[in-house]
Structure formats: structure tokens, C-alpha cells
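Okay, so here's the structure we're looking at.
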There are 2 protein chains.
Amino acid sequence: MIDLEQLHDCYVKTGSKIILLVVDGLGGLAHPDTGKSELETANIPNLDAMAQESACGLTTPVMPGVAPGSGPGHLALFGYDPLKYLIGRGALEALGIGVELLPGDVAARGNFCTVDDNEMLVDRRAGRIPTNLSGPLCERLNEITIDGVQVDVFPVQDYRFVLRLRAPGLSEDISETDPQITGVEALKVKSLSNGSDKTVNIVNEFVQKARDVLREEERGNMVLLRGWAQLPHLPAMGDVYKLNPAAVAAYPMYRGLATVAQMKVIPTGKTFSDEVDTLYQNYEDHDFFFIHYKPADAAGEDGDFDAKVKTLEDLDELIPRLRNLNPDVFMVAGDHSTPAIMAAHSWHPVPFMLHSELTKGEGISGFNETACNLGAIGRIPATNIMLLALSHSGKLTKFGP
Amino acid sequence: MIDLEQLHDCYVKTGSKIILLVVDGLGGLAHPDTGKSELETANIPNLDAMAQESACGLTTPVMPGVAPGSGPGHLALFGYDPLKYLIGRGALEALGIGVELLPGDVAARGNFCTVDDNEMLVDRRAGRIPTNLSGPLCERLNEITIDGVQVDVFPVQDYRFVLRLRAPGLSEDISETDPQITGVEALKVKSLSNGSDKTVNIVNEFVQKARDVLREEERGNMVLLRGWAQLPHLPAMGDVYKLNPAAVAAYPMYRGLATVAQMKVIPTGKTFSDEVDTLYQNYEDHDFFFIHYKPADAAGEDGDFDAKVKTLEDLDELIPRLRNLNPDVFMVAGDHSTPAIMAAHSWHPVPFMLHSELTKGEGISGFNETACNLGAIGRIPATNIMLLALSHSGKLTKFGP
């Protein structure tokens, strides 16, 4: 794991190159009619052929039985203990819509809500007002000024927005304003630790001013704020592993997670094919590339088994382009499983393969849950794949004399 | 693990006997021409037959992806967390040539080097002077006296030696004198923590006196010192596990590692056959035996696939003699893998088998990486094998009411 001080002398900088392809929601479960998972159903000759020449296994993102969100799922693959390095909800919501978060910024998830003339909550989601109504409300919130603080409000979707506060000495240790029930007033923010009084005062001032700005609205006449979060303090992936890491991801959330690990984020297009182009164009400039494939997770979350199969087949067609780069290590991993029959992230171990000059195949027939379970890597914590990548590419020397 | 306080009440002393055979560098990788590893290639009917009656698995010495040195590889098999109990380079170098280290002693790796008339380093290895020249230099260094300190210098090979300091209140937290480059002076030793000033003064006095003693030499006219280390403070294996453990190893390094675990080291001969004789002669006096087989690692490090196969076949011939002792538990393990195709220690999980009255076989065909991957023990940290040994021999009772 990335903060294992004992290994720090073992990392060495070399010219070898590593590609980590993260297939979001990669793992699945058998379809009840066929007994085959999405990967087993898909026609993925390129991934299967690669598995036959790779070291294979299964990764456990957090712990057996624990389904991770995107934050812990990715941090684990980068080597960060996901139970130690927590990304708060406000910060992840901000990253997910591409909002820049700097160390020290505090972000919150905001709801527009409806209160009556006595300030009592009537609807915690303001009748789920649509984005075209909430957008202008966000613009009005953005006109709020607070001395010494940069206040920014970003629309998310429908009644949801992100509040970002930027000022010296802010703290995430403050309470939420959402009482979780109607018929009562929104809560005042309170300090949850020493040193957060300044933030408490700023937020209570913001909420008061927001109420004033929105007072005449019919539905979104007040705001609720929760999930206060700053970026976690993570060791920089590049510093620890002696890498010059880069991220290529079409979706803002994953660019944000790469930023948290202090990777260089390379601008790219909207599709995975664009991402591969970007990787080609920047291949000489970095020694580690995180490249992200989103569609598998989206189809899984939709509960659309056939669509997820199709996303895996689409991915498979682009595998040869990645292999043609001839990286010293090419890993295919997933941040978590998203079985279509569950229509949700799950806790199931995720197929993993690592290809290098040292992997010659081990009788594994293809790239899927069942086959990878027999692989030589076995079942490992996702936090360990970076160690395997580094050792297979000559970047991790012997531990101890 | 040996320092798991919660288990301490579970260890019981019994008359049963355990043999741990450590095959150094046991694990391997497939030969590119045949697709078979060294163990799969070797004709090892006795080990294969034993596997068919054993519980089998794979051990991870430190973590996935981490290739261990001999120190962490062995400490893990004895039950010590290798990331917690670190043996410094100087101490291991001393153990490796059979130098006695007592708690409190400080050892360093020394080089003879060449400096010019202005004390500038010209050659950090003194032209790699051969042992027959460096031996007499060590003898002269041994004439150096420092008040209140026992100073001993031991030749290693060529330009290398070990310095051992014995005195009350020494510390390993001092800096090295090797600047790692030529054209500059050797560094003065500095304190790296409170309480190491005494050691700093002793070492700087030693270096000055060494320079005086060697001044007239053409090549080895100065010394460089690095890798300062004391023995780590380990719980005694015998105390914790309620065993009376003994070690039988032809090579000094492994006798040294057994000493670190506070096993009784039994003098033996130069070959594994000698070791087996020694084990027979002392079988009544102990309940746990660590017996070490070196040749597999040596051949692996040489990158000689066929030679490593041969060492495994040689070992196999002596397995019946060990089995004839009829120990309650007989384990065959490795401290790490040394694949001949890598010519180095590697991170790959190591085949492991445990034979006892309770193991009746589980469909495992032979003793190799692929077969053990399917064994009932699965993939476990190497630190756990002692628990399996103790439980299979009736020395580890139920945990918890």
C-alpha cells in the first residue's frame, strides 16, 4: 500500500511503462437463464487472448461483502487504503461534476427546499424542481458575497447543487443543516471540532443570505447543506512510487479521483476511443497511465445485462490498440463489480489480469470471474495491484536484506 | 503472527514434534520452452507423494508484488511480521558470515576504499582488492583499540568487511560514511536520534584510527561504513509458542536468522545430508526443528533452470529420511520464490504443504505452483504457517470460549 514506509526504499525510477485500464463496474454475476456472467457471455476474443498470456486473479476493493463507491474503488486500485483515505460526499459530488477542489476548499451537497412562512420545512427537495429552474437559482446564490471567502455554487441536477467555499482556515468538521424530516426548521450549522468556528459562521451567514435571496420563490425558497468535505490528504502517487503518472478519463469524476492521487490529468474527448488516442499522443511523456472505461458500469447500474455485454464487446475491440503500445505492464482491473442483475455496485471480487514479459500464461482460458478465480495471483486486495505492476516492470526492488 | 497477544493462552506444550523444511527460493516460473516451472519439470516422486497426503497452499512472504530478502522471508515463516521486525543490512551481513551478534551490538558493512593525499575518495572499493589482500588489512584494523569498546573487524570477501562494536549504550541511529560518489571526502558519522552521540564518537574515532593504520597502503588506505544495525528485538519463538525450537542449517546466514528468533542452533556439516544426520541425532531434544535447504536458491539466482531442477531432485531423494522420523507435522515451505528465468528473488507466492495425521490428501497431484494453487490451505501469509503447524500438532487450542 502506498503509505507503507517500509517499502519506500524499494521503489526505483526506470524507463518502463505501465498502463492501468480500469473498467468501471467490470465484474458481474451469472444471468439466471444462462448461468453465465456478462464477461462470460460477451464475445471478447482480445481480452480472452490476453488473459491466456497474463497473470490473473480477483481483486477485493475494500473487504469481502463491502460494495464500494467510485471513490474507494479507485483509490484502492491506486494503492490507497480505502478505509483510511476517505473522500467525503461533498468533495466527491464536486469532483463528479468537474468542480476544481484545492486543498483547503470545503464542499457540500446542497438541496433546494421549500419552507413555509414560519421557516418550517415543507419539502426537503423543493418539489424536485427541474434543472432548468434550479440553474437560475444557482446563479442567484452565486451573487452572495461573504467577506474573505470565495463562494461558488454549481448546479448538479434537478434540485441538487454543490457549494464550494474557498478561504484560509476552513474545516469540514461542521454539522449538516438537513434535519431529514419536514415540519421543523432547517438546522443551524454547529462546530464538531476545535478550529471550525470560522467555517460555522461563514456557512450560517451563507444560509441566511441564501434564504433572503430565495425568499420570493415558490418552491426553491431555501437550501439544505450536507456532506461537508475537504479533499483528503493523500501521499502523492508519483512521489511515493517514483512515477510520473497520468490519467486519461472522459468523465469528470475519474479525472477528479486522479487529481486526488495527484496524477497529471490529460484532457481528452468524450469516448474511450478518444481516450486511447490521447494515450497514444502522450505516451512518451509519462511512465504510468490510468485510463478509464465507463460504459460497463452505466449499463450494469441500469440493470441491462445485454447492454453491459455489449459495452464489454465494444471495449474488447480497442484492446489491440492498447496492446500495440507494448507497455511493460498492462493491467485490466475494475473498481468494483456492477452485476446487471443487481443494477448496482456490488461487493463481488473483480476480475484482474496483468500482462508483462514475465507472465507467460497459466492455463487460464479467458477473462472472466470464473477463470480469474483460478489464476496464479489469486484473490488480493485491490490496494496491492500497484505493487504487482511495479515489480513486474522492474520498479520495485527486493525488500529487506 | 507471533505477537498476537490474543492467542497467547491458546498455545500449549505437548510432546508432539514439528519439522519445518525451508527450501530456499523454492517457487519458480514456467520455462518459456516448456511452460513448466522448475518444480513441475523436476522428477520429485517423494515430494509429489507427500503432497497427495498433505494440506497444500501457497504462502505470500510479505505482500503481493514484494520480493523479500532472506531476512524477511525467513522471519515470516517463523511467524514474525516482516514489515514490523526489520533486520538491518549490517546485522544481516554479520549473520551471513557467522559473526555472533548479541543484543546491543552494532554492526556495519565496511568497504576498503582508496583516498588521495587530500583525503578525497578515488575508488570506493579500493580497486576491488581480493580477499587475500583484504584479510591482512582486517587483521590490522583489529588492532585498533577504543576505550570501553570491543571492536572487531571480520573479512567478508574482496574489499568488504563487517565491523562489530560491543559496548553498553550503543545505537544504530547514526549516518553512513559512504558519500556514494568519488572526488569528495568520506563523510563524518552524525547522530540521527537522541542517545546516539556515544556511538557517533566511537565510530569517528575508529575511522580516524583506521585511516592512520592504513595510510601507507596503495589501494585500501581508508574505510567506508554503512548499514548500521543492531539485532531487532523479537519475542522469543520458544517462549511465545511454548516450543523448544532448534535450527539446523549449513549456511551461517540461516543460523543467524534462527538466532534472531532465539532458536537453539545445532552445529552441523556442510551439506543437507549432514543436516538430516544432525536432525536425527538431536530429534529427542526438541519439539520444533527448522531445517534449511540452500541449493535451490543458489541455482535460481544463477539463472540456471536445469541446475535448479536438479537441486529439487536432490532434495527429493532425502525426503523419505525426514518422513521416516515420523514427525507429527512436517511442513515444506520456501522463504520466497527464485525463478531461474528471473535469476533473482521474486514476489511470487510459494508452494507450501503440511503433512500430519489430519491431512489425508485433497486431490492435489503434486508439489508445485499450479497444484498448490488448488490446495485446501489456499493462499495465506507466510506468517500464518506456524499457527497451522501448532494446530495440526495439538499445540494450539481453541480460541475464545
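Labels used: A, B, ... for chains in the order of the C-alpha cells, numbers from 1 for residues in each chain, and numbers from 1 for ligands as shown.
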
Using only C-alpha atoms, which protein or nucleic acid residues come within 8 Å of region 219-227 of chain B? Drop anything in the same chain fewer than 4 positions from it, and give the result as a JSON list (two decimals) with N, CA and C atoms, in the first residue's frame.
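The new file part.json reads:
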[["chain", "number", "residue", "atom", "x", "y", "z"],
["B", 88, "GLY", "N", 18.50, -4.97, 9.95],
["B", 88, "GLY", "CA", 19.30, -4.04, 9.16],
["B", 88, "GLY", "C", 20.41, -4.75, 8.40],
["B", 89, "ARG", "N", 20.93, -4.03, 7.40],
["B", 89, "ARG", "CA", 21.91, -4.65, 6.49],
["B", 89, "ARG", "C", 23.18, -5.07, 7.21],
["B", 90, "GLY", "N", 23.65, -4.22, 8.10],
["B", 90, "GLY", "CA", 24.89, -4.57, 8.80],
["B", 90, "GLY", "C", 24.73, -5.83, 9.63],
["B", 107, "ALA", "N", 26.49, -3.44, 14.21],
["B", 107, "ALA", "CA", 27.30, -3.94, 13.10],
["B", 107, "ALA", "C", 27.13, -3.04, 11.89],
["B", 108, "ALA", "N", 28.18, -2.97, 11.07],
["B", 108, "ALA", "CA", 28.11, -2.20, 9.83],
["B", 108, "ALA", "C", 28.78, -2.99, 8.72],
["B", 109, "ARG", "N", 28.34, -2.70, 7.51],
["B", 109, "ARG", "CA", 29.05, -3.20, 6.34],
["B", 109, "ARG", "C", 30.19, -2.24, 6.04],
["B", 110, "GLY", "N", 31.38, -2.78, 5.89],
["B", 110, "GLY", "CA", 32.53, -1.94, 5.61],
["B", 110, "GLY", "C", 33.10, -2.22, 4.23],
["B", 111, "ASN", "N", 33.62, -1.18, 3.60],
["B", 111, "ASN", "CA", 34.41, -1.30, 2.37],
["B", 111, "ASN", "C", 35.81, -0.76, 2.63],
["B", 112, "PHE", "N", 36.84, -1.41, 2.15],
["B", 112, "PHE", "CA", 38.10, -0.71, 1.97],
["B", 112, "PHE", "C", 37.95, 0.18, 0.75],
["B", 113, "CYS", "N", 38.54, 1.39, 0.82],
["B", 113, "CYS", "CA", 38.46, 2.30, -0.31],
["B", 113, "CYS", "C", 39.81, 3.00, -0.48],
["B", 114, "THR", "N", 39.94, 3.78, -1.54],
["B", 114, "THR", "CA", 41.18, 4.50, -1.82],
["B", 114, "THR", "C", 40.91, 6.00, -1.78],
["B", 115, "VAL", "N", 41.74, 6.71, -0.99],
["B", 115, "VAL", "CA", 41.66, 8.18, -0.98],
["B", 115, "VAL", "C", 43.01, 8.74, -1.43],
["B", 124, "ARG", "N", 35.82, 3.87, -4.39],
["B", 124, "ARG", "CA", 35.01, 3.48, -3.22],
["B", 124, "ARG", "C", 35.19, 2.01, -2.87],
["B", 126, "ALA", "N", 38.37, 0.38, -3.43],
["B", 126, "ALA", "CA", 39.80, 0.09, -3.35],
["B", 126, "ALA", "C", 40.24, -0.85, -4.47],
["B", 127, "GLY", "N", 39.76, -0.58, -5.69],
["B", 127, "GLY", "CA", 40.15, -1.43, -6.82],
["B", 127, "GLY", "C", 39.70, -2.87, -6.66],
["B", 129, "ILE", "N", 40.06, -4.93, -4.26],
["B", 129, "ILE", "CA", 41.17, -5.78, -3.81],
["B", 129, "ILE", "C", 40.66, -7.14, -3.37],
["B", 134, "SER", "N", 42.76, -8.21, 1.44],
["B", 134, "SER", "CA", 41.95, -7.50, 2.43],
["B", 134, "SER", "C", 41.99, -8.20, 3.79],
["B", 137, "LEU", "N", 44.53, -6.70, 5.96],
["B", 137, "LEU", "CA", 44.11, -5.35, 6.36],
["B", 137, "LEU", "C", 43.12, -5.43, 7.52],
["B", 159, "TYR", "N", 36.85, -6.57, -1.11],
["B", 159, "TYR", "CA", 37.06, -5.30, -0.39],
["B", 159, "TYR", "C", 36.09, -5.13, 0.78],
["B", 175, "SER", "N", 24.53, 8.07, 10.95],
["B", 175, "SER", "CA", 24.59, 8.17, 9.49],
["B", 175, "SER", "C", 25.76, 7.35, 8.93],
["B", 176, "GLU", "N", 25.76, 7.18, 7.63],
["B", 176, "GLU", "CA", 26.78, 6.38, 6.97],
["B", 176, "GLU", "C", 27.95, 7.27, 6.54],
["B", 177, "THR", "N", 29.11, 6.66, 6.31],
["B", 177, "THR", "CA", 30.26, 7.48, 5.91],
["B", 177, "THR", "C", 30.47, 7.46, 4.41],
["B", 178, "ASP", "N", 29.78, 6.58, 3.71],
["B", 178, "ASP", "CA", 29.97, 6.44, 2.27],
["B", 178, "ASP", "C", 29.20, 7.54, 1.55],
["B", 186, "ALA", "N", 35.31, 11.13, 2.58],
["B", 186, "ALA", "CA", 34.36, 10.27, 3.31],
["B", 186, "ALA", "C", 33.62, 11.13, 4.32],
["B", 207, "VAL", "N", 37.20, 5.39, 12.63],
["B", 207, "VAL", "CA", 37.53, 5.74, 11.24],
["B", 207, "VAL", "C", 38.87, 6.47, 11.19],
["B", 210, "ALA", "N", 41.52, 3.98, 11.76],
["B", 210, "ALA", "CA", 41.64, 3.09, 10.60],
["B", 210, "ALA", "C", 42.44, 3.78, 9.50],
["B", 211, "ARG", "N", 42.16, 5.06, 9.30],
["B", 211, "ARG", "CA", 42.91, 5.82, 8.29],
["B", 211, "ARG", "C", 44.40, 5.84, 8.64],
["B", 214, "LEU", "N", 45.98, 2.45, 7.97],
["B", 214, "LEU", "CA", 46.02, 2.03, 6.56],
["B", 214, "LEU", "C", 46.75, 3.03, 5.66],
["B", 215, "ARG", "N", 47.21, 4.14, 6.24],
["B", 215, "ARG", "CA", 47.70, 5.27, 5.44],
["B", 215, "ARG", "C", 48.70, 4.88, 4.35]]

Specify as a PyMOL selection string all residues of chain A found within 7 Å of chain B, counting only C-alpha atoms.
chain A and resi 6+376+384+387-388+391+398-401

Limited to C-alpha atoms, could you put the picked residues into a file as a compact mmCIF listing (two decimals), in the first residue's frame?
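Output file selection_10.txt follows:
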# COMPACT_ATOMS: atom_id res chain seq x y z
CA GLN A 6 9.00 0.13 4.92
CA ALA A 376 -1.84 -17.50 -10.06
CA ASN A 384 -1.87 -4.44 -3.93
CA LEU A 387 2.92 -3.40 -6.14
CA LEU A 388 2.47 -6.12 -8.75
CA SER A 391 7.53 -5.42 -9.50
CA LYS A 398 13.86 -6.56 -3.08
CA PHE A 399 12.55 -5.78 0.39
CA GLY A 400 15.00 -6.27 3.19
CA PRO A 401 18.45 -7.74 3.13

Give me, as JSON, numbers by chain, all polymer residues having an atom no more than 8 Å from Leu231 (chain A), counting only C-alpha atoms and skipping those fewer than 2 positions away in the same chain.
{"A": [87, 88, 91, 101, 102, 103, 104, 105, 106, 229, 233, 260]}

Pick from A:Leu192, A:Ala167, A:Gly57, A:Leu4 nearest to Pro235 (chain A), counting only C-alpha atoms:
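Closest to Pro235 (chain A), using only C-alpha atoms: A:Leu4.
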
So which residues touch Leu257 (chain B) within 8 Å, counting only C-alpha atoms, skipping near sequence neighbours fewer than 6 positions away, as an MDAnalysis selection string?
chainID B and resid 71 74:75 95

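Pairwise distance (CA of Phe330 (chain B), CA of Ile19 (chain B)) equals 4.8 Å.
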
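Nearest-residue note for Ile291 (chain B): choosing from B:Lys395, B:Leu20, B:Ala307, B:Ile44, the minimum distance belongs to B:Leu20, counting only C-alpha atoms.
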
A straight line from CA of Pro320 (chain B) to CA of Val12 (chain B) spans 29.0 Å

Might you pull out every residue within 9 Å of Arg255 (chain B), with only C-alpha atoms counted and same-chain residues fewer than 3 positions away left off, and present them as number ranges by chain?
B: 95-96, 98, 247-252, 258-260, 263, 265-266

Run DSSP on the backbone and give me the residues of region 16-254 of chain B it puts in strand (DSSP E), as a PyMOL selection string.
chain B and resi 18-23+55-60+106-115+121-123+150-157+160-166+222-229+245-248

Nearest to Asn244 (chain A): which of A:Asp9, A:Ile18, A:Gly334, A:Glu301 is it, counting only C-alpha atoms?
A:Ile18

Shell of 8 Å around Gln262 (chain A), only C-alpha atoms, local chain residues under 4 positions omitted, as a PyMOL selection string:
chain A and resi 236-238+258

Give me, as an MDAnalysis selection string, all polymer residues having an atom no more than 8 Å from His355 (chain A), counting only C-alpha atoms and skipping those fewer than 5 positions away in the same chain.
chainID A and resid 50:51 53:55 328:331

For the residues in the current selection, export C-alpha atoms as a PDB file, in the first residue's frame.
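Final output, saved to result19.pdb:
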ATOM      1  CA  MET A  50      -4.585 -11.519 -23.249  1.00  0.00           C
ATOM      2  CA  ALA A  51      -5.716 -13.491 -20.185  1.00  0.00           C
ATOM      3  CA  GLU A  53      -0.734 -14.758 -21.542  1.00  0.00           C
ATOM      4  CA  SER A  54      -1.279 -12.922 -18.269  1.00  0.00           C
ATOM      5  CA  ALA A  55      -1.176 -13.466 -14.550  1.00  0.00           C
ATOM      6  CA  ASP A 328       5.969  -3.235 -19.967  1.00  0.00           C
ATOM      7  CA  VAL A 329       2.920  -3.873 -17.792  1.00  0.00           C
ATOM      8  CA  PHE A 330      -0.681  -3.741 -18.953  1.00  0.00           C
ATOM      9  CA  MET A 331      -3.288  -4.291 -16.255  1.00  0.00           C
TER      10      MET A 331
END

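Reported to one decimal place, the separation of CA of Asn204 (chain B) from CA of Glu143 (chain B) is 16.2 Å.
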